[in-house]
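Asks: Next comes the structure file work.cif, holding mmCIF, C-alpha atoms.
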data_upload
#
loop_
_atom_site.label_atom_id
_atom_site.label_comp_id
_atom_site.auth_asym_id
_atom_site.auth_seq_id
_atom_site.Cartn_x
_atom_site.Cartn_y
_atom_site.Cartn_z
CA MET H 1 -16.41 -16.79 9.55
CA SER H 2 -15.19 -14.23 7.06
CA ALA H 3 -11.66 -14.03 5.68
CA ILE H 4 -10.86 -10.93 7.73
CA GLU H 5 -12.37 -12.41 10.91
CA ALA H 6 -10.07 -15.39 10.43
CA PHE H 7 -7.06 -13.07 10.54
CA PRO H 8 -8.17 -10.25 12.92
CA ASP H 9 -4.72 -8.72 13.31
CA VAL H 10 -3.92 -8.35 9.62
CA ILE H 11 -5.47 -4.91 9.16
CA GLU H 12 -3.95 -3.53 12.37
CA ARG H 13 -0.47 -4.49 11.21
CA ARG H 14 -1.03 -2.50 8.03
CA SER H 15 -1.61 0.85 9.76
CA ALA H 16 1.85 1.92 8.55
CA GLU H 17 1.85 -0.16 5.38
CA ARG H 18 4.93 0.31 3.21
CA LEU H 19 4.12 0.88 -0.45
CA ARG H 20 6.46 0.24 -3.37
CA PRO H 21 6.69 2.68 -6.29
CA SER H 22 6.22 1.12 -9.73
CA SER H 23 9.33 2.84 -11.09
CA ALA H 24 12.59 3.91 -9.48
CA ILE H 25 12.58 7.20 -7.60
CA ARG H 26 16.02 8.78 -7.31
CA ILE H 27 16.69 10.01 -3.79
CA HIS H 28 19.46 11.95 -2.04
CA VAL H 29 20.63 10.42 1.25
CA GLY H 30 22.98 12.83 2.99
CA ARG H 31 25.75 13.47 0.48
CA GLY H 32 25.01 10.31 -1.47
CA ILE H 33 22.34 9.17 -3.89
CA GLY H 34 20.08 6.17 -3.97
CA SER H 35 16.78 4.62 -5.00
CA LEU H 36 13.54 4.53 -3.00
CA LEU H 37 12.46 0.91 -2.39
CA ASP H 38 9.30 1.48 -0.35
CA VAL H 39 7.67 4.25 1.66
CA SER H 40 4.99 4.79 4.31
CA ARG H 41 3.68 7.76 6.25
CA GLY H 42 6.29 7.09 8.91
CA GLY H 43 9.43 6.32 6.95
CA MET H 44 11.10 4.67 3.98
CA ARG H 45 13.53 1.99 2.85
CA VAL H 46 16.31 3.09 0.51
CA ARG H 47 19.21 1.55 -1.38
CA HIS H 48 22.08 4.07 -1.49
CA THR H 49 25.83 4.58 -1.96
CA VAL H 50 27.04 6.38 1.18
CA PRO H 51 27.20 4.52 4.54
CA VAL H 52 25.02 5.75 7.41
CA THR H 53 25.09 4.98 11.12
CA ARG H 54 22.18 3.50 13.03
CA GLY H 55 20.58 6.15 15.25
CA SER H 56 21.99 9.08 13.29
CA LEU H 57 19.88 11.78 11.63
CA VAL H 58 20.24 12.09 7.85
CA ARG H 59 18.60 14.43 5.36
CA VAL H 60 16.64 12.61 2.64
CA ALA H 61 15.19 14.34 -0.42
CA PHE H 62 13.61 13.50 -3.78
CA GLU H 63 11.57 15.09 -6.56
CA TRP H 64 7.98 14.04 -7.31
CA GLN H 65 6.09 15.61 -10.23
CA SER H 66 8.16 18.82 -9.99
CA GLU H 67 7.61 19.00 -6.21
CA ARG H 68 10.39 18.48 -3.68
CA PHE H 69 10.24 16.21 -0.65
CA ASP H 70 12.82 17.05 2.01
CA ALA H 71 12.99 15.57 5.50
CA LEU H 72 15.29 14.79 8.39
CA ALA H 73 15.20 11.05 9.06
CA GLU H 74 16.56 8.74 11.74
CA VAL H 75 18.46 5.65 10.60
CA LEU H 76 16.69 2.62 12.09
CA ALA H 77 18.86 -0.04 10.43
CA SER H 78 21.45 -0.30 7.68
CA ARG H 79 23.30 -3.15 5.98
CA VAL H 80 25.59 -3.72 3.01
CA ALA H 81 23.44 -4.70 0.02
CA SER H 82 26.27 -5.36 -2.45
CA LEU H 83 30.04 -4.99 -2.44
CA GLY H 84 31.69 -2.82 -5.08
CA ASP H 85 34.89 -3.69 -6.90
CA GLY H 86 36.53 -0.39 -6.04
CA GLU H 87 36.68 0.68 -9.69
CA THR H 88 33.53 0.38 -11.80
CA ALA H 89 30.94 -0.46 -9.12
CA ALA H 90 30.40 1.17 -5.74
CA THR H 91 29.37 -0.59 -2.56
CA THR H 92 25.65 -0.10 -1.96
CA PHE H 93 23.72 -0.07 1.30
CA GLU H 94 20.11 -0.75 2.18
CA SER H 95 18.71 1.28 5.07
CA ARG H 96 15.43 1.89 6.86
CA PHE H 97 14.59 5.43 7.95
CA ARG H 98 11.99 6.96 10.24
CA PHE H 99 10.92 10.51 9.44
CA ALA H 100 11.99 12.71 12.36
CA ARG H 101 11.09 16.10 10.94
CA LEU H 102 9.44 17.21 7.71
CA SER H 103 7.72 20.40 6.62
CA GLU H 104 4.05 20.78 5.78
CA SER H 105 4.90 20.98 2.07
CA SER H 106 6.96 17.79 2.26
CA GLN H 107 4.10 16.06 4.08
CA SER H 108 1.82 17.10 1.22
CA VAL H 109 4.25 15.62 -1.34
CA LEU H 110 4.44 12.40 0.69
CA ASP H 111 0.64 12.14 0.75
CA CYS H 112 0.58 12.52 -3.05
CA VAL H 113 3.19 9.77 -3.46
CA LEU H 114 1.27 7.36 -1.20
CA SER H 115 -2.01 8.16 -2.94
CA ALA H 116 -0.51 7.57 -6.39
CA ILE H 117 1.01 4.24 -5.38
CA SER H 118 -2.23 3.12 -3.69
CA SER H 119 -4.24 4.04 -6.78
CA ARG H 120 -1.89 1.96 -8.95
CA GLU H 121 -2.30 -1.02 -6.60
CA LEU H 122 -6.06 -0.57 -6.67
CA ARG H 123 -6.17 -0.49 -10.46
CA ARG H 124 -4.09 -3.67 -10.60
CA TRP H 125 -6.40 -5.32 -8.07
CA VAL H 126 -9.47 -4.47 -10.19
CA ALA H 127 -7.76 -5.80 -13.32
CA ASN H 128 -7.06 -9.10 -11.54
CA LEU H 129 -10.74 -9.54 -10.71
CA HIS H 130 -11.61 -10.26 -14.32
CA GLY H 131 -9.65 -13.53 -14.11
CA TRP H 132 -12.17 -14.98 -11.68
CA SER H 133 -14.76 -15.62 -14.40
CA ASP H 134 -12.42 -18.17 -16.00
CA GLU H 135 -12.09 -20.31 -12.86
CA PRO H 136 -14.11 -23.57 -12.45
CA ARG H 137 -17.29 -23.18 -10.38
CA ASP H 138 -17.93 -26.88 -9.49
CA GLY H 139 -21.37 -26.71 -11.09
CA ARG H 140 -22.62 -23.88 -8.85
CA SER H 141 -24.31 -20.84 -10.34
CA ARG H 142 -22.60 -17.52 -9.82
CA ALA H 143 -25.74 -16.07 -8.20
CA ALA H 144 -25.59 -18.77 -5.49
CA GLU H 145 -22.15 -17.68 -4.32
CA ALA H 146 -21.84 -15.64 -1.14
CA PHE H 147 -20.28 -12.20 -0.82
CA ILE H 148 -18.35 -10.51 1.94
CA ARG H 149 -19.63 -7.17 3.21
CA CYS H 150 -16.99 -5.01 4.93
CA ARG H 151 -18.22 -2.03 6.95
CA LEU H 152 -16.04 0.52 8.74
CA ILE H 153 -17.63 1.28 12.14
CA GLY H 154 -15.61 3.98 13.82
CA ARG H 155 -12.07 2.66 13.39
CA GLN H 156 -13.03 -1.03 13.39
CA TRP H 157 -13.97 -3.22 10.43
CA GLN H 158 -17.01 -5.49 10.67
CA THR H 159 -17.35 -8.24 8.07
CA LYS H 160 -20.25 -10.53 7.23
CA ARG H 161 -20.92 -13.18 4.63
CA THR H 162 -24.11 -12.33 2.73
CA HIS H 163 -26.08 -12.94 -0.47
CA ASP H 164 -27.15 -9.28 -0.61
CA THR H 165 -25.35 -7.51 -3.49
CA VAL H 166 -25.95 -3.90 -2.36
CA GLN H 167 -22.79 -1.90 -1.63
CA PRO H 168 -22.81 -0.45 1.94
CA ALA H 169 -22.39 3.31 2.40
CA ASN H 170 -19.65 2.85 4.99
CA GLY H 171 -17.57 0.17 3.29
CA PHE H 172 -17.79 -2.20 0.34
CA LEU H 173 -19.05 -5.61 -0.78
CA LEU H 174 -16.93 -8.17 -2.63
CA PRO H 175 -17.16 -11.80 -3.78
CA ALA H 176 -16.26 -14.23 -0.99
CA SER H 177 -13.45 -15.66 -3.12
CA MET H 178 -11.38 -12.55 -2.35
CA SER H 179 -8.26 -13.55 -0.42
CA ALA H 180 -7.72 -12.40 3.18
CA GLN H 181 -4.56 -10.57 2.13
CA ASP H 182 -6.31 -8.62 -0.64
CA LEU H 183 -9.23 -7.82 1.65
CA ALA H 184 -6.87 -6.46 4.31
CA ARG H 185 -5.02 -4.37 1.72
CA LEU H 186 -8.25 -2.93 0.36
CA CYS H 187 -9.57 -2.17 3.86
CA GLU H 188 -6.36 -0.28 4.65
CA THR H 189 -6.62 1.67 1.37
CA TYR H 190 -10.27 2.51 2.12
CA SER H 191 -9.41 3.65 5.65
CA ARG H 192 -6.81 6.12 4.34
CA ALA H 193 -8.90 7.40 1.42
CA ASP H 194 -10.99 10.57 1.33
CA GLU H 195 -14.68 10.50 0.39
CA ASP H 196 -13.96 10.57 -3.34
CA GLY H 197 -11.48 7.71 -2.99
CA ARG H 198 -13.95 5.65 -0.95
CA HIS H 199 -16.67 6.24 -3.53
CA LEU H 200 -14.28 5.02 -6.23
CA ILE H 201 -13.53 1.85 -4.26
CA ARG H 202 -17.27 1.13 -3.90
CA LEU H 203 -17.79 1.63 -7.64
CA MET H 204 -14.97 -0.79 -8.48
CA ALA H 205 -16.17 -3.28 -5.87
CA ASP H 206 -19.61 -3.12 -7.45
CA GLU H 207 -18.09 -4.02 -10.80
CA ALA H 208 -16.42 -7.02 -9.16
CA VAL H 209 -19.76 -8.15 -7.73
CA LYS H 210 -21.45 -7.84 -11.14
CA GLU H 211 -18.61 -9.89 -12.64
CA ALA H 212 -19.30 -12.68 -10.12
CA LEU H 213 -23.08 -12.85 -10.71
#
Give the structure from the file, written as structure tokens.
Replies:
Amino acid sequence: MSAIEAFPDVIERRSAERLRPSSAIRIHVGRGIGSLLDVSRGGMRVRHTVPVTRGSLVRVAFEWQSERFDALAEVLASRVASLGDGETAATTFESRFRFARLSESSQSVLDCVLSAISSRELRRWVANLHGWSDEPRDGRSRAAEAFIRCRLIGRQWQTKRTHDTVQPANGFLLPASMSAQDLARLCETYSRADEDGRHLIRLMADEAVKEAL
């Protein structure tokens, strides 16, 4: 049984995966300001300075590479993150928002943000692969180790343990030592990617396979 088959619901839960930016993104929440903690296609989590009420609609906006994101968002939940002293530090709140209305241009900005964050995560994942060659192999040759082939059939992933090292056209092949969590994350990234992005994932997966041989 493959790692993904052992956890069949992992990928489904990631259909609205929240991604974290590597550096702080300043965001306007109503009349206040804040910092973007994570974001998905459906909403975001923000730490901010002005209280909001659950169920209310609030305008959220930020700048990304000289482009402006502006949307009306529903407050799903909000809590006090830290208490201010009334003088030098303000009380801050942490809230979850669901996008209720956003323009086509704002949707385009959001897609760019998600793509940039996903690419960063992918680059970090590839960098981590090089550490595998330093792990003990219990006397087994690298060529004898199995691989996991992940193929996207329609909207469903099919996985199979194999010794074939050829990358599939509709998915990717990785060493079987890949964790279930990392496999699920990569499958979600592949599902969202365009053809160029999917080709890049296959190229990087191929490098990982060569590293394991």
Asks: Please provide as an NGL selection string all residues within 9 Å of region 192-197 of chain H, with the sequence filter that same-chain residues fewer than 4 positions apart are discarded (counting only C-alpha atoms).
Replies: :H and (115 or 119 or 187-188 or 201-202)
Asks: Just give me the gap between CA of Asp182 (chain H) and CA of Leu76 (chain H) in Å, one decimal is fine.
Replies: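 CA of Leu76 (chain H) lies at a distance of 28.6 Å from CA of Asp182 (chain H).
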Asks: Which distance in Å separates CA of Ala61 (chain H) and CA of Tyr190 (chain H), to one decimal?
Replies: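 Separation of CA of Ala61 (chain H) and CA of Tyr190 (chain H): 28.2 Å.
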Asks: Compare H:Ala90, H:Val166, H:Val29, H:Met204 by their minimum atom-to-atom distance to Arg45 (chain H), counting only C-alpha atoms, and give me the closest one.
Replies: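 Among the listed residues, H:Val29 lies closest to Arg45 (chain H).
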Asks: What does the structure give for the distance between CA of Phe69 (chain H) and CA of Leu110 (chain H), in Å to one decimal?
Replies: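 Taking CA of Phe69 (chain H) and CA of Leu110 (chain H), their separation equals 7.1 Å.
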Asks: Convert the output of the PyMOL selection byres ((chain H and resi 82) around 9) on the shown file into explicit residues, formatted as a ChimeraX atom specification.
Replies: /H:80-81,83-84,90-94
Asks: Please write as number ranges by chain the full residue list that the PyMOL selection byres ((chain H and resi 55) around 6) yields on this file.
Replies: H: 54, 56, 74-75
Asks: For the file shown, what are the residues hit by the PyMOL selection byres ((chain H and resi 109) around 12), laid out as an MDAnalysis selection string?
Replies: chainID H and resid 41 61:71 102:108 110:116
Asks: Taking 4 positions as the minimum chain separation for residues in the same chain, which residues sit within 10 Å of Asp206 (chain H) when counting all atoms listed in the file? Answer as JSON, numbers by chain.
Replies: {"H": [165, 166, 167, 172, 173, 174, 175, 200, 201, 202, 210, 211, 212]}
Asks: Extract, using only C-alpha atoms, all DNA, RNA and protein residues at most 12 Å from Arg31 (chain H), discarding same-chain residues fewer than 6 positions from it, and format them as an MDAnalysis selection string.
Replies: chainID H and resid 48:52 58:61
